[in-house]
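Shown next: coords27.pdb, given as PDB, C-alpha atoms.
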```pdb
MODEL        1
ATOM      1  CA  MET A   1     -29.025   4.628   0.022
ATOM      2  CA  ALA A   2     -30.035   2.834   3.196
ATOM      3  CA  LYS A   3     -27.522   2.626   5.983
ATOM      4  CA  PRO A   4     -25.672  -0.666   5.873
ATOM      5  CA  LYS A   5     -26.755  -2.941   8.703
ATOM      6  CA  LEU A   6     -24.098  -4.876  10.548
ATOM      7  CA  LYS A   7     -24.306  -8.624  10.356
ATOM      8  CA  ALA A   8     -21.041  -9.620  12.000
ATOM      9  CA  HIS A   9     -17.428  -8.758  12.696
ATOM     10  CA  VAL A  10     -15.711 -11.703  11.084
ATOM     11  CA  ILE A  11     -12.412 -12.061  12.891
ATOM     12  CA  ASN A  12      -9.737 -14.557  11.995
ATOM     13  CA  ARG A  13      -8.029 -15.219  15.321
ATOM     14  CA  GLU A  14      -5.346 -17.303  13.656
ATOM     15  CA  TRP A  15      -4.241 -14.371  11.521
ATOM     16  CA  CYS A  16      -4.695 -11.514  14.023
ATOM     17  CA  LYS A  17      -1.370 -10.520  15.579
ATOM     18  CA  GLY A  18      -2.817  -8.045  18.053
ATOM     19  CA  CYS A  19      -1.069  -4.983  16.621
ATOM     20  CA  GLY A  20      -3.987  -2.814  17.751
ATOM     21  CA  ILE A  21      -4.230  -0.681  14.589
ATOM     22  CA  CYS A  22      -7.968  -1.408  14.215
ATOM     23  CA  VAL A  23      -8.573  -0.767  17.916
ATOM     24  CA  HIS A  24      -6.726   2.560  17.804
ATOM     25  CA  PHE A  25      -8.374   3.949  14.674
ATOM     26  CA  CYS A  26     -11.954   2.708  15.110
ATOM     27  CA  PRO A  27     -13.972   5.972  15.138
ATOM     28  CA  LYS A  28     -16.545   4.472  17.530
ATOM     29  CA  SER A  29     -14.166   2.527  19.813
ATOM     30  CA  VAL A  30     -15.961  -0.716  19.038
ATOM     31  CA  LEU A  31     -12.928  -2.957  19.112
ATOM     32  CA  GLU A  32     -10.661  -4.187  21.906
ATOM     33  CA  LEU A  33      -7.928  -6.751  22.369
ATOM     34  CA  ASP A  34      -8.687  -9.728  24.617
ATOM     35  CA  GLU A  35      -6.262 -11.371  27.070
ATOM     36  CA  ALA A  36      -4.730 -13.367  24.210
ATOM     37  CA  ASP A  37      -4.088 -10.084  22.305
ATOM     38  CA  LYS A  38      -6.676 -10.889  19.663
ATOM     39  CA  VAL A  39      -9.246  -8.363  18.516
ATOM     40  CA  PHE A  40     -12.929  -8.696  19.403
ATOM     41  CA  ALA A  41     -15.982  -6.452  19.054
ATOM     42  CA  ALA A  42     -16.540  -5.202  22.604
ATOM     43  CA  ARG A  43     -19.252  -2.683  21.697
ATOM     44  CA  ARG A  44     -20.797  -4.319  18.687
ATOM     45  CA  SER A  45     -23.912  -2.136  18.578
ATOM     46  CA  ASP A  46     -21.812   1.039  18.195
ATOM     47  CA  CYS A  47     -20.366  -0.137  14.872
ATOM     48  CA  ILE A  48     -21.224   2.149  11.946
ATOM     49  CA  CYS A  49     -19.834  -0.249   9.294
ATOM     50  CA  CYS A  50     -17.234   2.227   8.032
ATOM     51  CA  HIS A  51     -14.921  -0.696   7.202
ATOM     52  CA  LEU A  52     -11.799   1.255   8.250
ATOM     53  CA  CYS A  53     -10.598  -1.641  10.445
ATOM     54  CA  GLU A  54     -10.942  -3.966   7.492
ATOM     55  CA  LEU A  55      -9.099  -1.589   5.130
ATOM     56  CA  ARG A  56      -6.190  -0.943   7.491
ATOM     57  CA  CYS A  57      -5.698  -4.424   8.953
ATOM     58  CA  PRO A  58      -2.197  -5.559   7.906
ATOM     59  CA  ASP A  59      -3.144  -9.185   8.523
ATOM     60  CA  LEU A  60      -6.442  -9.381   6.579
ATOM     61  CA  ALA A  61      -7.855 -10.638   9.873
ATOM     62  CA  ILE A  62     -11.055  -8.597  10.231
ATOM     63  CA  GLU A  63     -14.020  -8.218   7.942
ATOM     64  CA  ILE A  64     -17.269  -6.311   8.429
ATOM     65  CA  GLU A  65     -20.187  -8.294   7.110
ATOM     66  CA  THR A  66     -23.312  -6.253   6.421
ATOM     67  CA  GLU A  67     -26.850  -7.220   5.460
ATOM     68  CA  GLN A  68     -26.281  -5.746   2.002
ATOM     69  CA  ASP A  69     -23.459  -8.179   1.393
ATOM     70  CA  GLY A  70     -26.196 -10.856   1.270
TER      71      GLY A  70
ATOM     72  CA  MET B   1     -13.771 -11.568  -6.875
ATOM     73  CA  ALA B   2     -13.423 -11.261  -3.107
ATOM     74  CA  ILE B   3      -9.962 -10.325  -1.919
ATOM     75  CA  LYS B   4      -9.446 -13.759  -0.354
ATOM     76  CA  ASP B   5      -9.645 -15.214  -3.857
ATOM     77  CA  TYR B   6      -6.474 -13.360  -4.804
ATOM     78  CA  ILE B   7      -4.255 -14.717  -2.025
ATOM     79  CA  ARG B   8      -2.459 -17.959  -1.282
ATOM     80  CA  GLU B   9      -4.211 -18.634   2.006
ATOM     81  CA  ARG B  10      -1.950 -21.538   2.848
ATOM     82  CA  PHE B  11       0.900 -19.101   3.570
ATOM     83  CA  PHE B  12      -1.104 -17.075   6.105
ATOM     84  CA  PRO B  13      -0.680 -15.712   8.728
ATOM     85  CA  HIS B  14       2.101 -13.930   6.865
ATOM     86  CA  ILE B  15       5.679 -13.508   8.025
ATOM     87  CA  TRP B  16       5.506  -9.725   8.642
ATOM     88  CA  CYS B  17       5.735  -8.435  12.219
ATOM     89  CA  PRO B  18       2.649  -7.296  14.154
ATOM     90  CA  GLY B  19       1.711  -3.822  12.924
ATOM     91  CA  CYS B  20       3.949  -3.914   9.826
ATOM     92  CA  GLY B  21       2.582  -1.532   7.211
ATOM     93  CA  HIS B  22       3.450  -3.914   4.383
ATOM     94  CA  GLY B  23       0.345  -5.954   5.212
ATOM     95  CA  THR B  24      -1.778  -2.845   4.737
ATOM     96  CA  VAL B  25      -0.176  -2.255   1.334
ATOM     97  CA  LEU B  26      -1.051  -5.854   0.425
ATOM     98  CA  ASN B  27      -4.580  -5.270   1.713
ATOM     99  CA  SER B  28      -5.008  -2.112  -0.405
ATOM    100  CA  LEU B  29      -3.514  -3.707  -3.479
ATOM    101  CA  LEU B  30      -5.858  -6.713  -3.262
ATOM    102  CA  ARG B  31      -8.884  -4.449  -2.944
ATOM    103  CA  THR B  32      -7.707  -2.406  -5.925
ATOM    104  CA  VAL B  33      -7.251  -5.446  -8.109
ATOM    105  CA  SER B  34     -10.619  -6.772  -6.989
ATOM    106  CA  GLN B  35     -12.343  -3.454  -7.752
ATOM    107  CA  LEU B  36     -10.762  -3.371 -11.178
ATOM    108  CA  GLY B  37     -12.188  -6.843 -11.748
ATOM    109  CA  MET B  38      -8.820  -8.154 -12.880
ATOM    110  CA  SER B  39      -8.223 -11.846 -13.325
ATOM    111  CA  ARG B  40      -5.352 -13.514 -11.481
ATOM    112  CA  ASN B  41      -4.000 -14.625 -14.827
ATOM    113  CA  GLU B  42      -3.487 -11.160 -16.245
ATOM    114  CA  ILE B  43      -1.273  -9.904 -13.424
ATOM    115  CA  VAL B  44       2.404 -10.612 -12.935
ATOM    116  CA  MET B  45       3.969  -9.538  -9.679
ATOM    117  CA  VAL B  46       7.740  -9.298  -9.660
ATOM    118  CA  SER B  47       9.654  -8.584  -6.483
ATOM    119  CA  GLY B  48      13.255  -8.475  -5.308
ATOM    120  CA  ILE B  49      14.581  -9.126  -1.813
ATOM    121  CA  GLY B  50      13.553  -7.738   1.540
ATOM    122  CA  CYS B  51      10.560  -7.744   3.868
ATOM    123  CA  SER B  52       8.465  -5.946   1.265
ATOM    124  CA  SER B  53       9.382  -8.392  -1.466
ATOM    125  CA  ARG B  54       7.831 -11.275   0.450
ATOM    126  CA  ILE B  55       4.522  -9.872  -0.798
ATOM    127  CA  SER B  56       4.824 -11.829  -4.042
ATOM    128  CA  GLY B  57       4.533 -15.099  -2.127
ATOM    129  CA  TYR B  58       1.139 -14.177  -0.728
ATOM    130  CA  VAL B  59      -0.713 -13.211  -3.897
ATOM    131  CA  ASP B  60      -2.182 -15.751  -6.270
ATOM    132  CA  PHE B  61      -1.044 -13.994  -9.464
ATOM    133  CA  HIS B  62       1.824 -14.995 -11.695
ATOM    134  CA  THR B  63       4.727 -14.202  -9.384
ATOM    135  CA  LEU B  64       8.493 -13.920  -9.640
ATOM    136  CA  HIS B  65      10.629 -13.501  -6.538
ATOM    137  CA  THR B  66      13.948 -12.388  -7.973
ATOM    138  CA  LEU B  67      17.315 -10.877  -7.023
ATOM    139  CA  HIS B  68      17.930  -7.969  -4.671
ATOM    140  CA  GLY B  69      17.302  -4.703  -6.524
ATOM    141  CA  ARG B  70      16.653  -6.449  -9.851
ATOM    142  CA  ALA B  71      12.868  -6.754  -9.781
ATOM    143  CA  LEU B  72      12.449  -4.007 -12.389
ATOM    144  CA  ALA B  73      14.950  -5.669 -14.708
ATOM    145  CA  PHE B  74      13.060  -8.981 -14.574
ATOM    146  CA  ALA B  75       9.760  -7.157 -14.923
ATOM    147  CA  THR B  76      11.055  -5.329 -18.000
ATOM    148  CA  GLY B  77      11.850  -8.687 -19.580
ATOM    149  CA  VAL B  78       8.421 -10.096 -18.800
ATOM    150  CA  LYS B  79       6.668  -6.985 -20.086
ATOM    151  CA  LEU B  80       8.600  -6.917 -23.365
ATOM    152  CA  SER B  81       7.843 -10.560 -24.085
ATOM    153  CA  ARG B  82       4.209 -10.447 -22.902
ATOM    154  CA  PRO B  83       3.077  -6.818 -23.201
ATOM    155  CA  GLU B  84      -0.586  -7.769 -22.692
ATOM    156  CA  LEU B  85       0.047  -8.644 -19.021
ATOM    157  CA  ASN B  86      -0.128  -6.152 -16.147
ATOM    158  CA  LEU B  87       3.126  -5.907 -14.247
ATOM    159  CA  ILE B  88       3.157  -4.893 -10.596
ATOM    160  CA  VAL B  89       6.552  -4.483  -8.968
ATOM    161  CA  PRO B  90       6.562  -3.922  -5.210
ATOM    162  CA  MET B  91       9.940  -2.997  -3.776
ATOM    163  CA  GLY B  92      11.349  -1.841  -0.476
ATOM    164  CA  ASP B  93      13.136   1.491  -0.183
ATOM    165  CA  GLY B  94      16.548  -0.178  -0.053
ATOM    166  CA  ASP B  95      15.666  -2.640  -2.792
ATOM    167  CA  ALA B  96      14.347   0.079  -5.114
ATOM    168  CA  LEU B  97      16.706   2.969  -4.456
ATOM    169  CA  ALA B  98      19.994   1.577  -3.105
ATOM    170  CA  ILE B  99      21.030  -1.617  -4.910
ATOM    171  CA  GLY B 100      18.199  -1.180  -7.421
ATOM    172  CA  GLY B 101      18.620   2.548  -7.935
ATOM    173  CA  ASN B 102      20.008   2.217 -11.430
ATOM    174  CA  HIS B 103      17.250  -0.091 -12.611
ATOM    175  CA  PHE B 104      14.768   2.316 -11.086
ATOM    176  CA  ILE B 105      15.913   5.448 -12.902
ATOM    177  CA  HIS B 106      16.334   3.682 -16.224
ATOM    178  CA  ALA B 107      12.928   1.985 -16.087
ATOM    179  CA  ALA B 108      11.518   5.454 -15.427
ATOM    180  CA  ARG B 109      13.486   6.937 -18.309
ATOM    181  CA  ARG B 110      12.208   4.291 -20.747
ATOM    182  CA  ASN B 111       8.631   4.728 -19.637
ATOM    183  CA  ILE B 112       7.906   1.014 -19.764
ATOM    184  CA  ASP B 113       4.380   0.156 -18.648
ATOM    185  CA  LEU B 114       5.005  -1.202 -15.134
ATOM    186  CA  THR B 115       3.566  -0.250 -11.758
ATOM    187  CA  ALA B 116       6.412   0.195  -9.287
ATOM    188  CA  ILE B 117       5.352   0.381  -5.658
ATOM    189  CA  VAL B 118       8.068   1.678  -3.337
ATOM    190  CA  MET B 119       7.150   0.475   0.146
ATOM    191  CA  ASN B 120       9.129   2.995   2.128
ATOM    192  CA  ASN B 121       9.698   1.963   5.741
ATOM    193  CA  ARG B 122      13.039   3.827   5.899
ATOM    194  CA  ILE B 123      15.030   0.791   7.053
ATOM    195  CA  TYR B 124      16.366  -2.641   6.067
ATOM    196  CA  GLY B 125      14.073  -4.673   8.287
ATOM    197  CA  MET B 126      14.822  -8.210   7.208
ATOM    198  CA  THR B 127      18.552  -8.008   7.920
ATOM    199  CA  GLY B 128      18.237  -6.319  11.297
ATOM    200  CA  GLY B 129      17.602  -2.596  10.954
ATOM    201  CA  GLN B 130      20.438  -1.108   8.908
ATOM    202  CA  TYR B 131      19.857   2.421   7.591
ATOM    203  CA  SER B 132      18.633   2.770   4.023
ATOM    204  CA  PRO B 133      18.816   5.598   1.457
ATOM    205  CA  LEU B 134      15.463   6.791   2.775
ATOM    206  CA  SER B 135      16.213   6.693   6.524
ATOM    207  CA  GLY B 136      17.172  10.335   6.471
ATOM    208  CA  HIS B 137      19.474  12.648   8.371
ATOM    209  CA  GLY B 138      19.433  12.380  12.135
ATOM    210  CA  THR B 139      17.664   9.008  12.350
ATOM    211  CA  LEU B 140      18.910   6.024  14.317
ATOM    212  CA  ALA B 141      19.555   2.551  12.955
ATOM    213  CA  THR B 142      21.590  -0.460  14.072
ATOM    214  CA  THR B 143      24.346   0.727  11.714
ATOM    215  CA  ALA B 144      23.939   4.370  12.759
ATOM    216  CA  PRO B 145      23.991   4.204  16.571
ATOM    217  CA  TYR B 146      25.137   7.844  16.843
ATOM    218  CA  THR B 147      22.593   9.033  14.234
ATOM    219  CA  ASN B 148      22.692   8.845  10.483
ATOM    220  CA  ILE B 149      24.509  11.652   8.634
ATOM    221  CA  ASP B 150      23.174  10.692   5.163
ATOM    222  CA  TYR B 151      20.333  12.688   3.701
ATOM    223  CA  ALA B 152      17.421  10.781   2.178
ATOM    224  CA  PHE B 153      16.316  10.663  -1.428
ATOM    225  CA  ASP B 154      12.951  12.149  -2.185
ATOM    226  CA  THR B 155      11.428   9.238  -4.123
ATOM    227  CA  VAL B 156       8.888  11.442  -5.850
ATOM    228  CA  GLU B 157      11.457  13.988  -7.044
ATOM    229  CA  LEU B 158      13.836  11.237  -8.124
ATOM    230  CA  ALA B 159      11.176   9.410 -10.136
ATOM    231  CA  THR B 160       9.955  12.659 -11.667
ATOM    232  CA  ALA B 161      13.454  13.744 -12.671
ATOM    233  CA  ALA B 162      14.134  10.313 -14.160
ATOM    234  CA  GLY B 163      11.092  10.691 -16.398
ATOM    235  CA  ALA B 164       8.384   8.514 -14.847
ATOM    236  CA  SER B 165       5.031   9.378 -16.396
ATOM    237  CA  PHE B 166       3.003   8.690 -13.244
ATOM    238  CA  VAL B 167       4.324   9.564  -9.786
ATOM    239  CA  ALA B 168       2.318   9.493  -6.570
ATOM    240  CA  ARG B 169       2.676   9.128  -2.831
ATOM    241  CA  SER B 170       0.405   7.961  -0.045
ATOM    242  CA  THR B 171       0.630   6.232   3.334
ATOM    243  CA  THR B 172      -0.739   3.219   5.168
ATOM    244  CA  TYR B 173      -2.908   5.559   7.244
ATOM    245  CA  HIS B 174      -4.607   7.008   4.150
ATOM    246  CA  VAL B 175      -5.912   3.680   2.877
ATOM    247  CA  GLN B 176      -8.741   5.094   0.815
ATOM    248  CA  GLN B 177      -6.397   7.447  -1.027
ATOM    249  CA  LEU B 178      -3.860   4.641  -1.373
ATOM    250  CA  ALA B 179      -6.352   2.334  -3.083
ATOM    251  CA  LYS B 180      -7.432   5.138  -5.421
ATOM    252  CA  ILE B 181      -3.831   5.944  -6.342
ATOM    253  CA  LEU B 182      -2.963   2.286  -6.900
ATOM    254  CA  LYS B 183      -5.934   2.025  -9.232
ATOM    255  CA  GLN B 184      -4.797   5.038 -11.265
ATOM    256  CA  ALA B 185      -1.239   3.710 -11.337
ATOM    257  CA  ILE B 186      -2.281   0.285 -12.624
ATOM    258  CA  LEU B 187      -4.510   1.826 -15.298
ATOM    259  CA  HIS B 188      -1.813   4.309 -16.384
ATOM    260  CA  GLU B 189       0.028   3.411 -19.604
ATOM    261  CA  GLY B 190       3.667   3.956 -18.810
ATOM    262  CA  PHE B 191       6.022   3.732 -15.868
ATOM    263  CA  SER B 192       4.090   4.411 -12.662
ATOM    264  CA  VAL B 193       5.751   4.993  -9.320
ATOM    265  CA  VAL B 194       3.735   4.903  -6.114
ATOM    266  CA  GLU B 195       5.652   5.616  -2.943
ATOM    267  CA  VAL B 196       3.853   4.315   0.135
ATOM    268  CA  LEU B 197       5.036   5.405   3.559
ATOM    269  CA  THR B 198       4.720   2.204   5.551
ATOM    270  CA  GLN B 199       5.653   1.736   9.189
ATOM    271  CA  CYS B 200       8.305  -0.636  10.523
ATOM    272  CA  PRO B 201       7.495  -0.632  14.243
ATOM    273  CA  THR B 202      10.040  -3.375  14.938
ATOM    274  CA  TYR B 203      13.194  -1.635  13.724
ATOM    275  CA  PHE B 204      12.660   1.927  12.546
ATOM    276  CA  GLY B 205       9.984   2.611  15.133
ATOM    277  CA  ARG B 206      11.775   1.059  18.070
ATOM    278  CA  LYS B 207      15.184   2.575  17.221
ATOM    279  CA  ASN B 208      13.724   6.040  16.800
ATOM    280  CA  ARG B 209      11.283   5.774  19.720
ATOM    281  CA  LEU B 210       8.244   6.328  17.568
ATOM    282  CA  GLY B 211       5.928   4.129  19.616
ATOM    283  CA  SER B 212       3.504   1.513  18.344
ATOM    284  CA  ALA B 213       2.401   0.876  14.774
ATOM    285  CA  ALA B 214      -0.708   2.953  15.440
ATOM    286  CA  ASP B 215       1.448   5.818  16.781
ATOM    287  CA  MET B 216       3.543   5.718  13.611
ATOM    288  CA  MET B 217       0.367   5.876  11.533
ATOM    289  CA  GLU B 218      -0.763   8.869  13.600
ATOM    290  CA  ASP B 219       2.502  10.488  12.507
ATOM    291  CA  TYR B 220       1.552   9.852   8.867
ATOM    292  CA  LYS B 221      -1.764  11.531   9.544
ATOM    293  CA  ASN B 222      -0.147  14.541  11.236
ATOM    294  CA  ASN B 223       2.991  14.948   9.123
ATOM    295  CA  THR B 224       1.526  14.662   5.636
ATOM    296  CA  THR B 225      -0.812  16.867   3.635
ATOM    297  CA  PRO B 226      -2.490  16.860   0.207
ATOM    298  CA  ILE B 227      -0.370  18.373  -2.587
ATOM    299  CA  GLY B 228      -0.438  22.168  -2.667
ATOM    300  CA  SER B 229      -2.441  22.521   0.537
ATOM    301  CA  LYS B 230      -2.496  25.652   2.638
ATOM    302  CA  ALA B 231      -0.972  23.675   5.487
ATOM    303  CA  LYS B 232       2.100  22.961   3.349
ATOM    304  CA  LYS B 233       2.686  26.678   2.790
ATOM    305  CA  GLU B 234       2.519  27.285   6.505
ATOM    306  CA  ASN B 235       4.655  24.284   7.432
ATOM    307  CA  PRO B 236       7.112  23.281   4.662
ATOM    308  CA  ASP B 237       8.191  20.200   6.645
ATOM    309  CA  LEU B 238       4.924  18.433   5.868
ATOM    310  CA  ILE B 239       5.219  15.611   3.340
ATOM    311  CA  GLU B 240       2.872  15.953   0.391
ATOM    312  CA  ARG B 241       0.529  13.163  -0.686
ATOM    313  CA  GLY B 242      -1.313  12.675  -3.945
ATOM    314  CA  VAL B 243      -0.569  12.378  -7.650
ATOM    315  CA  PHE B 244       2.442  14.522  -8.582
ATOM    316  CA  VAL B 245       2.877  13.554 -12.224
ATOM    317  CA  GLN B 246       0.459  12.085 -14.721
ATOM    318  CA  LYS B 247       1.338  12.546 -18.366
ATOM    319  CA  GLU B 248       0.826  10.696 -21.606
ATOM    320  CA  ILE B 249       4.111   9.983 -23.359
ATOM    321  CA  PRO B 250       5.041   7.118 -25.732
ATOM    322  CA  GLU B 251       5.262   3.797 -23.921
ATOM    323  CA  TYR B 252       8.331   1.599 -24.378
ATOM    324  CA  CYS B 253       6.690  -1.615 -25.640
ATOM    325  CA  SER B 254       4.663   0.192 -28.272
ATOM    326  CA  GLU B 255       7.758   2.085 -29.395
ATOM    327  CA  TYR B 256       9.604  -1.223 -29.583
ATOM    328  CA  ASP B 257       6.806  -2.692 -31.721
ATOM    329  CA  LYS B 258       7.358   0.132 -34.197
ATOM    330  CA  ILE B 259      11.052  -0.755 -34.390
ATOM    331  CA  ILE B 260      10.191  -4.394 -35.125
ATOM    332  CA  GLU B 261       7.826  -3.274 -37.856
ATOM    333  CA  ARG B 262      10.483  -1.013 -39.359
ATOM    334  CA  ALA B 263      13.113  -3.748 -39.230
ATOM    335  CA  MET B 264      10.773  -6.328 -40.800
ATOM    336  CA  LYS B 265       9.738  -4.105 -43.699
ATOM    337  CA  GLY B 266       9.904  -5.944 -46.982
ATOM    338  CA  LYS B 267      10.359  -9.378 -45.334
TER     339      LYS B 267
ENDMDL
END
```

Rewritten as structure tokens:
Amino acid sequence: MAKPKLKAHVINREWCKGCGICVHFCPKSVLELDEADKVFAARRSDCICCHLCELRCPDLAIEIETEQDG
Amino acid sequence: MAIKDYIRERFFPHIWCPGCGHGTVLNSLLRTVSQLGMSRNEIVMVSGIGCSSRISGYVDFHTLHTLHGRALAFATGVKLSRPELNLIVPMGDGDALAIGGNHFIHAARRNIDLTAIVMNNRIYGMTGGQYSPLSGHGTLATTAPYTNIDYAFDTVELATAAGASFVARSTTYHVQQLAKILKQAILHEGFSVVEVLTQCPTYFGRKNRLGSAADMMEDYKNNTTPIGSKAKKENPDLIERGVFVQKEIPEYCSEYDKIIERAMKGK
């Protein structure tokens, strides 16, 4: 199976509460919190599309969109 | 369906605190239901009172938000009248095992086909951090400022002893395992209990100086182990994760159907 290719980190800033769980557990340290304590993809090209941020987010605020998703 | 199709988006962002593990349980549950391809109309979620029980407001299933500790009693009623529906009953540790303890053991004993999810954050969060039956010896709470002298229940042992036919445990750190276990629990015919260790950074975490939500999840990673692992033999304090009980025994609704048939004979 081909490696999934990242399309976008879809982040819902309204729902993100800045708990930092995704930032802490991202295996490639892609994510950071901005000055408003909202998550953003600081090192987008390092993302390996493991979806762990998406699976652990308590606020359903982050989604990894890949090319395969269409 | 995508997971967003299973929620009531108008109520988001939800009421839970930043870093609350309950949101992760909701997240896992939605993915499970989506993977199983279930329709919103075939699921009934019944909850009681507490932070955890607010979950029923956020899902677009049939939902009942009932009395403190009584979710299983209401769910039993729904299941008996509409056995074709899938009942999911999320409860907090206090809701399930303090005020609802009796309903819990008897639902387990009857083996009625419900999926009980015990969201164990070891505290009463909504009312301000009082200790619960799962806080455990030596912990701090607003009502135990000099440490708690009560010992905790072991949810898994309690459910097993009461006769539940599916008993499992996971944590909000182990999301992939959690989703797998929830799937098995929903598909299991009989009373399923899934205990999920879920962090309360606001009360339990702050009172017991456990750090941030992520730190508490690190603790789940470091202090738990798969059932029967070598690590458990070396360190008995580790909490085991996985499926503890999975057995096929007669389910309550089908047994009840037989009684109806017997009673109606010749009529």

Run the PyMOL selection byres ((chain A) within 8 of (chain B)) against the file shown and list the residues it catches, as a ChimeraX atom specification. /A:14-21,24-25,55-60

Here CA of Val30 in chain A and CA of Tyr220 in chain B stand apart by 22.8 Å

Interatomic distance (Å, one decimal) between CA of Glu240 in chain B and CA of Ala168 in chain B: 9.5 Å

Neighbours of range 122-127 of chain B within 6 Å (all atoms listed in the file; same-chain residues fewer than 5 positions away dropped), as a PyMOL selection string? chain B and resi 50-51+132+134-135

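Atom pair CA of Asn121 in chain B / CA of His137 in chain B: separated by 14.7 Å.
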
Write out as an NGL selection string each polymer residue whose atoms come within 12 Å of Glu255 in chain B, counting all atoms listed in the file; drop sequence neighbours fewer than 3 positions from it. :B and (80 or 83 or 110-113 or 190 or 249-252 or 258-262)

Could range 37-52 of chain B be completed with N, CA and C atoms and returned as a CSV table (one decimal), keeping the file's coordinate frame?
```
chain,number,residue,atom,x,y,z
B,37,GLY,N,-11.7,-5.6,-11.1
B,37,GLY,CA,-12.2,-6.8,-11.7
B,37,GLY,C,-11.1,-7.6,-12.5
B,38,MET,N,-9.9,-7.5,-12.1
B,38,MET,CA,-8.8,-8.2,-12.9
B,38,MET,C,-8.8,-9.6,-12.6
B,39,SER,N,-8.4,-10.4,-13.5
B,39,SER,CA,-8.2,-11.8,-13.3
B,39,SER,C,-6.8,-12.1,-12.8
B,40,ARG,N,-6.7,-13.2,-12.0
B,40,ARG,CA,-5.4,-13.5,-11.5
B,40,ARG,C,-4.3,-13.8,-12.6
B,41,ASN,N,-4.9,-14.2,-13.7
B,41,ASN,CA,-4.0,-14.6,-14.8
B,41,ASN,C,-3.5,-13.5,-15.7
B,42,GLU,N,-4.0,-12.3,-15.4
B,42,GLU,CA,-3.5,-11.2,-16.2
B,42,GLU,C,-2.5,-10.3,-15.5
B,43,ILE,N,-2.2,-10.7,-14.2
B,43,ILE,CA,-1.3,-9.9,-13.4
B,43,ILE,C,0.0,-10.7,-13.2
B,44,VAL,N,1.1,-10.0,-13.3
B,44,VAL,CA,2.4,-10.6,-12.9
B,44,VAL,C,3.0,-9.7,-11.9
B,45,MET,N,3.3,-10.3,-10.7
B,45,MET,CA,4.0,-9.5,-9.7
B,45,MET,C,5.4,-10.0,-9.6
B,46,VAL,N,6.3,-9.0,-9.7
B,46,VAL,CA,7.7,-9.3,-9.7
B,46,VAL,C,8.3,-8.6,-8.5
B,47,SER,N,9.1,-9.3,-7.6
B,47,SER,CA,9.7,-8.6,-6.5
B,47,SER,C,11.1,-9.0,-6.3
B,48,GLY,N,11.8,-8.2,-5.5
B,48,GLY,CA,13.3,-8.5,-5.3
B,48,GLY,C,13.5,-9.2,-4.0
B,49,ILE,N,14.3,-8.5,-3.1
B,49,ILE,CA,14.6,-9.1,-1.8
B,49,ILE,C,14.3,-8.1,-0.7
B,50,GLY,N,13.8,-8.6,0.4
B,50,GLY,CA,13.6,-7.7,1.5
B,50,GLY,C,12.2,-8.1,2.1
B,51,CYS,N,11.9,-7.5,3.3
B,51,CYS,CA,10.6,-7.7,3.9
B,51,CYS,C,9.5,-7.5,2.8
B,52,SER,N,9.5,-6.3,2.2
B,52,SER,CA,8.5,-5.9,1.3
B,52,SER,C,8.3,-7.0,0.2
```
